[in-house]
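Here's entry-v8.json, which has JSON, C-alpha atoms and all ligand atoms:
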```json
[["chain", "number", "residue", "atom", "x", "y", "z"],
["A", 1, "MET", "CA", 120.78, 126.23, 94.14],
["A", 2, "SER", "CA", 117.81, 125.98, 96.44],
["A", 3, "GLN", "CA", 114.73, 123.80, 96.66],
["A", 4, "ASP", "CA", 112.60, 126.81, 95.64],
["A", 5, "GLN", "CA", 114.53, 127.17, 92.39],
["A", 6, "TRP", "CA", 114.42, 123.45, 91.66],
["A", 7, "SER", "CA", 110.64, 123.48, 92.18],
["A", 8, "ALA", "CA", 110.14, 126.64, 90.11],
["A", 9, "VAL", "CA", 112.07, 125.21, 87.15],
["A", 10, "ASP", "CA", 110.33, 121.83, 87.48],
["A", 11, "ASN", "CA", 106.91, 123.53, 87.51],
["A", 12, "TYR", "CA", 107.86, 125.84, 84.62],
["A", 13, "PHE", "CA", 108.71, 122.90, 82.35],
["A", 14, "TYR", "CA", 105.71, 120.83, 83.35],
["A", 15, "ARG", "CA", 103.26, 123.70, 82.75],
["A", 16, "MET", "CA", 105.08, 124.72, 79.55],
["A", 17, "LEU", "CA", 105.08, 121.28, 77.96],
["A", 18, "ASN", "CA", 101.82, 119.73, 79.16],
["A", 19, "GLN", "CA", 98.11, 120.48, 79.14],
["A", 20, "PRO", "CA", 96.23, 120.57, 82.46],
["A", 21, "ASP", "CA", 95.46, 116.99, 83.45],
["A", 22, "ALA", "CA", 92.28, 116.55, 85.51],
["A", 23, "ALA", "CA", 92.87, 112.86, 86.27],
["A", 24, "LEU", "CA", 96.33, 113.43, 87.70],
["A", 25, "GLU", "CA", 95.32, 116.60, 89.56],
["A", 26, "ASN", "CA", 92.51, 114.54, 91.10],
["A", 27, "VAL", "CA", 95.02, 111.96, 92.37],
["A", 28, "LEU", "CA", 97.15, 114.62, 94.04],
["A", 29, "GLN", "CA", 94.12, 116.26, 95.63],
["A", 30, "VAL", "CA", 92.66, 112.98, 96.90],
["A", 31, "ASN", "CA", 96.06, 111.93, 98.26],
["A", 32, "ARG", "CA", 96.33, 115.21, 100.17],
["A", 33, "GLU", "CA", 92.81, 114.80, 101.57],
["A", 34, "GLN", "CA", 93.64, 111.26, 102.67],
["A", 35, "GLY", "CA", 96.85, 112.42, 104.35],
["A", 36, "PHE", "CA", 98.99, 110.13, 102.19],
["A", 37, "PRO", "CA", 102.71, 110.95, 102.13],
["A", 38, "SER", "CA", 103.57, 113.07, 99.09],
["A", 39, "HIS", "CA", 105.78, 110.35, 97.68],
["A", 40, "ASP", "CA", 104.15, 110.23, 94.26],
["A", 41, "VAL", "CA", 106.57, 110.77, 91.41],
["A", 42, "SER", "CA", 106.65, 114.43, 90.37],
["A", 43, "GLU", "CA", 104.56, 115.62, 87.44],
["A", 44, "ASN", "CA", 107.56, 115.74, 85.10],
["A", 45, "GLN", "CA", 108.76, 112.34, 86.31],
["A", 46, "GLY", "CA", 105.31, 110.93, 85.57],
["A", 47, "VAL", "CA", 105.57, 112.08, 81.97],
["A", 48, "PHE", "CA", 109.16, 110.78, 81.82],
["A", 49, "LEU", "CA", 108.00, 107.33, 82.97],
["A", 50, "ARG", "CA", 105.13, 107.28, 80.49],
["A", 51, "LEU", "CA", 107.40, 108.22, 77.61],
["A", 52, "LEU", "CA", 109.95, 105.58, 78.61],
["A", 53, "ALA", "CA", 107.24, 102.91, 78.73],
["A", 54, "GLU", "CA", 105.93, 104.07, 75.35],
["A", 55, "MET", "CA", 109.43, 104.01, 73.82],
["A", 56, "GLN", "CA", 109.77, 100.50, 75.19],
["A", 57, "GLY", "CA", 106.51, 99.57, 73.43],
["A", 58, "ALA", "CA", 105.39, 98.11, 76.75],
["A", 59, "ARG", "CA", 102.33, 95.86, 76.72],
["A", 60, "ARG", "CA", 102.82, 94.43, 80.21],
["A", 61, "ILE", "CA", 103.95, 96.62, 83.09],
["A", 62, "LEU", "CA", 104.75, 95.66, 86.69],
["A", 63, "GLU", "CA", 104.65, 98.29, 89.41],
["A", 64, "VAL", "CA", 105.67, 97.67, 93.03],
["A", 65, "GLY", "CA", 104.22, 100.33, 95.34],
["A", 66, "THR", "CA", 100.96, 101.91, 94.15],
["A", 67, "LEU", "CA", 100.36, 104.63, 96.78],
["A", 68, "GLY", "CA", 97.41, 106.63, 95.36],
["A", 69, "GLY", "CA", 97.96, 105.48, 91.79],
["A", 70, "TYR", "CA", 99.71, 108.55, 90.33],
["A", 71, "SER", "CA", 102.54, 106.68, 88.61],
["A", 72, "THR", "CA", 100.13, 103.81, 87.94],
["A", 73, "ILE", "CA", 97.99, 106.12, 85.81],
["A", 74, "CYS", "CA", 101.01, 107.65, 84.04],
["A", 75, "LEU", "CA", 102.37, 104.21, 83.15],
["A", 76, "ALA", "CA", 99.00, 102.71, 82.21],
["A", 77, "ARG", "CA", 98.53, 105.51, 79.69],
["A", 78, "ALA", "CA", 101.54, 104.14, 77.83],
["A", 79, "LEU", "CA", 99.74, 100.85, 77.24],
["A", 80, "PRO", "CA", 97.75, 99.83, 74.18],
["A", 81, "THR", "CA", 94.07, 99.14, 74.96],
["A", 82, "ASP", "CA", 94.78, 95.42, 75.39],
["A", 83, "GLY", "CA", 97.86, 96.06, 77.56],
["A", 84, "ARG", "CA", 98.00, 95.27, 81.28],
["A", 85, "LEU", "CA", 99.57, 96.90, 84.31],
["A", 86, "PHE", "CA", 99.75, 95.01, 87.61],
["A", 87, "SER", "CA", 100.50, 97.17, 90.65],
["A", 88, "PHE", "CA", 101.27, 95.79, 94.12],
["A", 89, "GLU", "CA", 100.40, 97.72, 97.30],
["A", 90, "ILE", "CA", 100.46, 96.64, 100.94],
["A", 91, "ASP", "CA", 98.10, 99.26, 102.41],
["A", 92, "PRO", "CA", 94.36, 98.49, 101.97],
["A", 93, "LYS", "CA", 93.35, 102.15, 102.24],
["A", 94, "ARG", "CA", 95.80, 103.11, 99.52],
["A", 95, "VAL", "CA", 94.56, 100.23, 97.38],
["A", 96, "ALA", "CA", 90.95, 101.41, 97.69],
["A", 97, "ILE", "CA", 91.82, 105.01, 96.87],
["A", 98, "ALA", "CA", 94.14, 104.07, 94.02],
["A", 99, "ARG", "CA", 91.45, 101.87, 92.45],
["A", 100, "LYS", "CA", 89.04, 104.79, 92.55],
["A", 101, "ASN", "CA", 91.65, 107.14, 91.06],
["A", 102, "VAL", "CA", 92.41, 104.66, 88.28],
["A", 103, "GLU", "CA", 88.70, 104.35, 87.56],
["A", 104, "LEU", "CA", 88.31, 108.13, 87.36],
["A", 105, "ALA", "CA", 91.21, 108.13, 84.90],
["A", 106, "GLY", "CA", 89.29, 105.62, 82.76],
["A", 107, "LEU", "CA", 91.97, 102.94, 83.02],
["A", 108, "THR", "CA", 90.25, 100.18, 84.99],
["A", 109, "ASP", "CA", 90.34, 97.84, 81.99],
["A", 110, "ARG", "CA", 94.14, 97.98, 81.85],
["A", 111, "VAL", "CA", 95.07, 98.14, 85.55],
["A", 112, "GLU", "CA", 94.91, 95.57, 88.32],
["A", 113, "ILE", "CA", 95.94, 96.60, 91.83],
["A", 114, "ILE", "CA", 96.89, 93.69, 94.06],
["A", 115, "GLU", "CA", 96.64, 94.15, 97.82],
["A", 116, "GLY", "CA", 99.16, 92.74, 100.27],
["A", 117, "PRO", "CA", 102.90, 92.56, 100.94],
["A", 118, "ALA", "CA", 104.33, 92.58, 97.41],
["A", 119, "ALA", "CA", 106.84, 89.76, 97.98],
["A", 120, "ASP", "CA", 104.03, 87.40, 99.09],
["A", 121, "SER", "CA", 101.62, 88.59, 96.42],
["A", 122, "LEU", "CA", 104.23, 88.19, 93.68],
["A", 123, "ASP", "CA", 104.92, 84.64, 94.82],
["A", 124, "LYS", "CA", 101.24, 83.81, 94.34],
["A", 125, "PHE", "CA", 100.90, 85.91, 91.20],
["A", 126, "ALA", "CA", 103.76, 84.02, 89.53],
["A", 127, "LEU", "CA", 101.86, 80.74, 89.76],
["A", 128, "THR", "CA", 99.11, 81.90, 87.42],
["A", 129, "ASN", "CA", 100.91, 84.69, 85.51],
["A", 130, "PRO", "CA", 104.15, 83.37, 84.05],
["A", 131, "GLU", "CA", 104.38, 85.91, 81.19],
["A", 132, "PRO", "CA", 107.30, 88.35, 81.37],
["A", 133, "PHE", "CA", 106.93, 92.09, 81.85],
["A", 134, "ASP", "CA", 108.29, 94.64, 79.38],
["A", 135, "PHE", "CA", 108.67, 97.42, 81.93],
["A", 136, "VAL", "CA", 108.98, 97.43, 85.73],
["A", 137, "PHE", "CA", 108.75, 100.36, 88.14],
["A", 138, "ILE", "CA", 109.91, 99.72, 91.72],
["A", 139, "ASP", "CA", 108.81, 102.44, 94.15],
["A", 140, "ALA", "CA", 107.85, 100.74, 97.41],
["A", 141, "ASP", "CA", 109.54, 100.13, 100.78],
["A", 142, "LYS", "CA", 113.18, 100.77, 100.00],
["A", 143, "LYS", "CA", 114.58, 98.16, 102.36],
["A", 144, "ASN", "CA", 113.11, 95.45, 100.13],
["A", 145, "ASN", "CA", 114.42, 96.93, 96.88],
["A", 146, "SER", "CA", 116.58, 93.91, 96.12],
["A", 147, "THR", "CA", 113.73, 91.49, 96.78],
["A", 148, "TYR", "CA", 111.59, 93.39, 94.27],
["A", 149, "PHE", "CA", 114.45, 93.62, 91.79],
["A", 150, "ARG", "CA", 114.88, 89.84, 91.97],
["A", 151, "TRP", "CA", 111.18, 89.48, 91.21],
["A", 152, "ALA", "CA", 111.52, 91.90, 88.32],
["A", 153, "LEU", "CA", 114.30, 89.70, 86.94],
["A", 154, "ARG", "CA", 112.21, 86.56, 87.35],
["A", 155, "PHE", "CA", 109.50, 88.26, 85.31],
["A", 156, "SER", "CA", 111.88, 89.61, 82.70],
["A", 157, "ARG", "CA", 112.79, 88.88, 79.11],
["A", 158, "PRO", "CA", 115.80, 90.13, 77.17],
["A", 159, "GLY", "CA", 115.21, 93.89, 76.83],
["A", 160, "THR", "CA", 112.98, 94.35, 79.90],
["A", 161, "VAL", "CA", 113.51, 97.79, 81.46],
["A", 162, "ILE", "CA", 113.52, 98.10, 85.26],
["A", 163, "ILE", "CA", 113.33, 101.53, 86.92],
["A", 164, "VAL", "CA", 113.88, 102.00, 90.67],
["A", 165, "ASP", "CA", 112.87, 105.27, 92.34],
["A", 166, "ASN", "CA", 114.63, 107.17, 95.14],
["A", 167, "VAL", "CA", 118.16, 105.87, 94.89],
["A", 168, "VAL", "CA", 119.97, 109.15, 95.67],
["A", 169, "ARG", "CA", 118.09, 110.43, 98.73],
["A", 170, "ALA", "CA", 119.71, 113.88, 98.80],
["A", 171, "GLY", "CA", 123.12, 112.27, 98.55],
["A", 172, "ALA", "CA", 122.58, 110.02, 101.58],
["A", 173, "ILE", "CA", 123.57, 107.09, 99.37],
["A", 174, "LEU", "CA", 127.22, 108.06, 100.08],
["A", 175, "SER", "CA", 126.85, 108.74, 103.79],
["A", 176, "GLU", "CA", 129.28, 106.34, 105.47],
["A", 177, "SER", "CA", 127.71, 106.53, 108.90],
["A", 178, "THR", "CA", 124.09, 106.04, 107.83],
["A", 179, "GLU", "CA", 121.92, 103.40, 109.43],
["A", 180, "ASN", "CA", 118.90, 104.56, 107.44],
["A", 181, "PRO", "CA", 117.24, 101.32, 106.27],
["A", 182, "CYS", "CA", 116.13, 102.98, 103.01],
["A", 183, "VAL", "CA", 119.71, 103.92, 102.11],
["A", 184, "LEU", "CA", 120.98, 100.49, 103.13],
["A", 185, "GLY", "CA", 118.24, 98.99, 100.95],
["A", 186, "VAL", "CA", 119.45, 100.98, 97.93],
["A", 187, "ARG", "CA", 123.06, 99.91, 98.59],
["A", 188, "ARG", "CA", 122.08, 96.24, 98.74],
["A", 189, "LEU", "CA", 120.25, 96.75, 95.46],
["A", 190, "ASN", "CA", 123.34, 98.31, 93.88],
["A", 191, "GLU", "CA", 125.46, 95.35, 95.01],
["A", 192, "LEU", "CA", 122.91, 92.96, 93.54],
["A", 193, "ILE", "CA", 122.85, 94.81, 90.21],
["A", 194, "ALA", "CA", 126.67, 95.00, 90.13],
["A", 195, "SER", "CA", 126.90, 91.24, 90.60],
["A", 196, "GLU", "CA", 124.14, 90.41, 88.14],
["A", 197, "PRO", "CA", 125.49, 89.61, 84.68],
["A", 198, "ARG", "CA", 122.03, 89.63, 83.13],
["A", 199, "VAL", "CA", 121.56, 93.40, 83.43],
["A", 200, "GLU", "CA", 123.28, 96.63, 82.51],
["A", 201, "ALA", "CA", 122.34, 99.70, 84.51],
["A", 202, "THR", "CA", 122.85, 103.38, 85.13],
["A", 203, "ALA", "CA", 121.61, 105.94, 87.63],
["A", 204, "LEU", "CA", 120.17, 109.34, 86.84],
["A", 205, "GLN", "CA", 120.19, 112.07, 89.51],
["A", 206, "THR", "CA", 117.27, 114.47, 89.53],
["A", 207, "VAL", "CA", 116.42, 117.75, 91.20],
["A", 208, "GLY", "CA", 112.94, 119.22, 91.20],
["A", 209, "THR", "CA", 109.81, 119.43, 93.31],
["A", 210, "LYS", "CA", 110.89, 116.30, 95.17],
["A", 211, "GLY", "CA", 114.31, 117.61, 96.09],
["A", 212, "TRP", "CA", 117.52, 115.85, 95.10],
["A", 213, "ASP", "CA", 116.97, 112.21, 94.26],
["A", 214, "GLY", "CA", 117.19, 109.87, 91.30],
["A", 215, "PHE", "CA", 116.37, 106.70, 89.44],
["A", 216, "ILE", "CA", 118.23, 103.54, 88.59],
["A", 217, "MET", "CA", 117.50, 102.30, 85.10],
["A", 218, "ALA", "CA", 118.44, 98.71, 84.33],
["A", 219, "ARG", "CA", 117.95, 96.75, 81.14],
["A", 220, "VAL", "CA", 118.05, 93.01, 80.82],
["A", 221, "ARG", "CA", 120.73, 92.15, 78.27],
["A", 222, "SER", "CA", 119.77, 90.68, 74.97],
["A", 223, "SER", "CA", 122.41, 87.97, 75.10],
["B", 301, "LIG", "C1", 110.02, 108.34, 100.05],
["B", 301, "LIG", "C2", 109.50, 107.35, 99.24],
["B", 301, "LIG", "C3", 109.30, 107.59, 97.90],
["B", 301, "LIG", "O1", 108.85, 106.63, 97.05],
["B", 301, "LIG", "C4", 109.59, 108.82, 97.36],
["B", 301, "LIG", "O2", 109.42, 108.98, 96.02],
["B", 301, "LIG", "C5", 110.09, 109.83, 98.16],
["B", 301, "LIG", "C6", 110.31, 109.59, 99.51],
["B", 301, "LIG", "C7", 110.24, 108.06, 101.48],
["B", 301, "LIG", "O3", 109.92, 106.97, 101.93],
["B", 301, "LIG", "O4", 110.77, 108.93, 102.17],
["B", 302, "MG", "MG", 109.30, 107.13, 95.03]]
```
Structure encoded using structure tokens:
Amino acid sequence: MSQDQWSAVDNYFYRMLNQPDAALENVLQVNREQGFPSHDVSENQGVFLRLLAEMQGARRILEVGTLGGYSTICLARALPTDGRLFSFEIDPKRVAIARKNVELAGLTDRVEIIEGPAADSLDKFALTNPEPFDFVFIDADKKNNSTYFRWALRFSRPGTVIIVDNVVRAGAILSESTENPCVLGVRRLNELIASEPRVEATALQTVGTKGWDGFIMARVRSS
């Protein structure tokens, strides 16, 4: 199988199962114009995340890594009108663009984008926002995956769902010789999850427009 076939099938299903979506197309176009890396979740993955958050009945969502706000918008659409999504992003330019994209999507009332290194921002955020999150999406600098996962756990309740993007990296996760800090970051995360009795977890490999990659899905145990 080739990348072209993965993309063609991915696009076929997205177009088949979804109506054109001006707000999301706008994000992708603005991101391209700004020269942002095309690291947004794919269109199908965006729907997948929204459906997961809806199935979870999420009212409070935490996102680490906003980029241009593509996944932010997908996830915020899962929220009831009084729900809240807090998204953490280090890059001021991305923050500004993402805020505009969220506004164009009509979701400003539900979304707050917090600028700065997420670990520092979360430390501050925790002082005034002790409530747990129902759903967490971690999609930021991979070397700090375990730091963000620890924060997700601190903000969790029994049943909280935590998704981590980009854990397969075209199979690099198994490369013995790798010194790639992203891969090493995913491995440290896996060791943390394996040693953490509070969660159960699985990984789902994906192919599609973003190549061969995958998600970890963890759930905080009920007892
Ligand atoms: C990279 C980061 C992402 O979040 C992603 O979805 C794909 C690639 C990267 O840093 O290479
Ligand atoms: Mg990603």
Which residues of stretch 1-72 of chain A come within 7 Å of stretch 126-133 of chain A, and for each one, what is the closest pair of atoms and their distance in Å to one decimal, counting only C-alpha atoms, sorted by chain and residue number, as a tab-separated table?
```
residue	atom	partner	partner_atom	distance
A:Arg60	CA	A:Phe133	CA	5.0
A:Ile61	CA	A:Phe133	CA	5.6
A:Leu62	CA	A:Phe133	CA	6.4
```
With all atoms listed in the file counted and 12 Å as the cut-off, give the residues of stretch 86-169 of chain A in contact with stretch 193-202 of chain A, each with its shortest interatomic distance in Å and the pair that gives it, as a tab-separated table.
```
residue	atom	partner	partner_atom	distance
A:Asn145	CA	A:Ile193	CA	11.0
A:Ser146	CA	A:Ile193	CA	8.7
A:Thr147	CA	A:Ile193	CA	11.7
A:Phe149	CA	A:Ile193	CA	8.6
A:Arg150	CA	A:Ile193	CA	9.6
A:Ala152	CA	A:Val199	CA	11.3
A:Leu153	CA	A:Arg198	CA	8.6
A:Arg154	CA	A:Arg198	CA	11.1
A:Ser156	CA	A:Arg198	CA	10.2
A:Arg157	CA	A:Arg198	CA	10.1
A:Pro158	CA	A:Arg198	CA	8.6
A:Gly159	CA	A:Val199	CA	9.2
A:Thr160	CA	A:Val199	CA	9.3
A:Val161	CA	A:Val199	CA	9.4
A:Ile162	CA	A:Ala201	CA	9.0
A:Ile163	CA	A:Ala201	CA	9.5
A:Val164	CA	A:Thr202	CA	10.6
A:Val167	CA	A:Thr202	CA	11.1
```
File of the preceding selection, C-alpha atoms, as a short mmCIF file (atom, residue, chain, number, x, y, z; two decimals), keeping the file's coordinate frame:
```
data_model
loop_
_atom_site.label_atom_id
_atom_site.label_comp_id
_atom_site.auth_asym_id
_atom_site.auth_seq_id
_atom_site.Cartn_x
_atom_site.Cartn_y
_atom_site.Cartn_z
CA ASN A 145 114.42 96.93 96.88
CA SER A 146 116.58 93.91 96.12
CA THR A 147 113.73 91.49 96.78
CA PHE A 149 114.45 93.62 91.79
CA ARG A 150 114.88 89.84 91.97
CA ALA A 152 111.52 91.90 88.32
CA LEU A 153 114.30 89.70 86.94
CA ARG A 154 112.21 86.56 87.35
CA SER A 156 111.88 89.61 82.70
CA ARG A 157 112.79 88.88 79.11
CA PRO A 158 115.80 90.13 77.17
CA GLY A 159 115.21 93.89 76.83
CA THR A 160 112.98 94.35 79.90
CA VAL A 161 113.51 97.79 81.46
CA ILE A 162 113.52 98.10 85.26
CA ILE A 163 113.33 101.53 86.92
CA VAL A 164 113.88 102.00 90.67
CA VAL A 167 118.16 105.87 94.89
#
```
Using only C-alpha atoms and all ligand atoms, which protein or nucleic acid residues are at most 8 Å from ligand MG 302 (chain B), as a list in words?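 The distance check yields His39, Asp40, Val41, Asp139, Ala140, Asp165 and Asn166 of chain A.
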Prev. selection, C-alpha atoms, output as a PDB file, keeping the file's coordinate frame:
```pdb
ATOM      1  CA  HIS A  39     105.780 110.350  97.680  1.00  0.00           C
ATOM      2  CA  ASP A  40     104.150 110.230  94.260  1.00  0.00           C
ATOM      3  CA  VAL A  41     106.570 110.770  91.410  1.00  0.00           C
ATOM      4  CA  ASP A 139     108.810 102.440  94.150  1.00  0.00           C
ATOM      5  CA  ALA A 140     107.850 100.740  97.410  1.00  0.00           C
ATOM      6  CA  ASP A 165     112.870 105.270  92.340  1.00  0.00           C
ATOM      7  CA  ASN A 166     114.630 107.170  95.140  1.00  0.00           C
TER       8      ASN A 166
END
```
Identify, counting only C-alpha atoms and all ligand atoms, the protein, DNA and RNA residues located within 12 Å of ligand LIG 301 (chain B), and give them as a PyMOL selection string. chain A and resi 36-43+45-46+64-68+70-71+137-143+145+164-170+172+180-183+185-186+206+208-215
With only C-alpha atoms as the basis for distance, which of A:Gln56, A:Ser222, A:Gln19, A:Thr108 is at the shortest distance from A:Val136? A:Gln56
Interatomic distance (Å, one decimal) between atom CA of A:Met16 and atom CA of A:Asp4: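 Atom-to-atom, atom CA of A:Met16 to atom CA of A:Asp4, that is 17.9 Å.
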Kindly indicate which residue among A:Glu33, A:Glu179, A:Glu25, A:Glu89 lies nearest to A:Gly116, using only C-alpha atoms for the distances.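 Under the stated criterion, the closest residue is A:Glu89.
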Interatomic distance (Å, one decimal) between atom CA of A:Ala119 and atom CA of A:Tyr148: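 Computed distance, atom CA of A:Ala119 to atom CA of A:Tyr148, equals 7.0 Å.
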Could you give me, as a list in words, the residues within 8 Å of A:Arg110, counting all atoms listed in the file and dropping anything in the same chain fewer than 6 positions from it?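 The contact residues come out as Ala76, Leu79, Thr81, Asp82, Gly83, Arg84 and Leu85 of chain A.
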Pick out the closest residue to A:Asp109 from this set: A:Ile73, A:Asn144, A:Val207, A:Val95. Count all atoms listed in the file.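 That would be A:Ile73, the residue with the smallest distance to A:Asp109.
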What separation in Å, quoted to one decimal, exists between atom CA of A:Ala105 and atom CA of A:Leu52? 19.9 Å
Contacts of A:Val30 within 10 Å, only C-alpha atoms, excl. fewer than 4 positions in-chain, as a list of chain:residue names: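 Returned residues: A:Leu24, A:Glu25, A:Asn26, A:Gln34, A:Gly35, A:Phe36, A:Gly68, A:Ile97, A:Ala98, A:Lys100, A:Asn101.
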Between A:Asp91, A:Ala58, A:Asn44, A:Ile113, which residue has the minimum interatomic distance to A:Thr72, considering all atoms listed in the file? A:Ile113
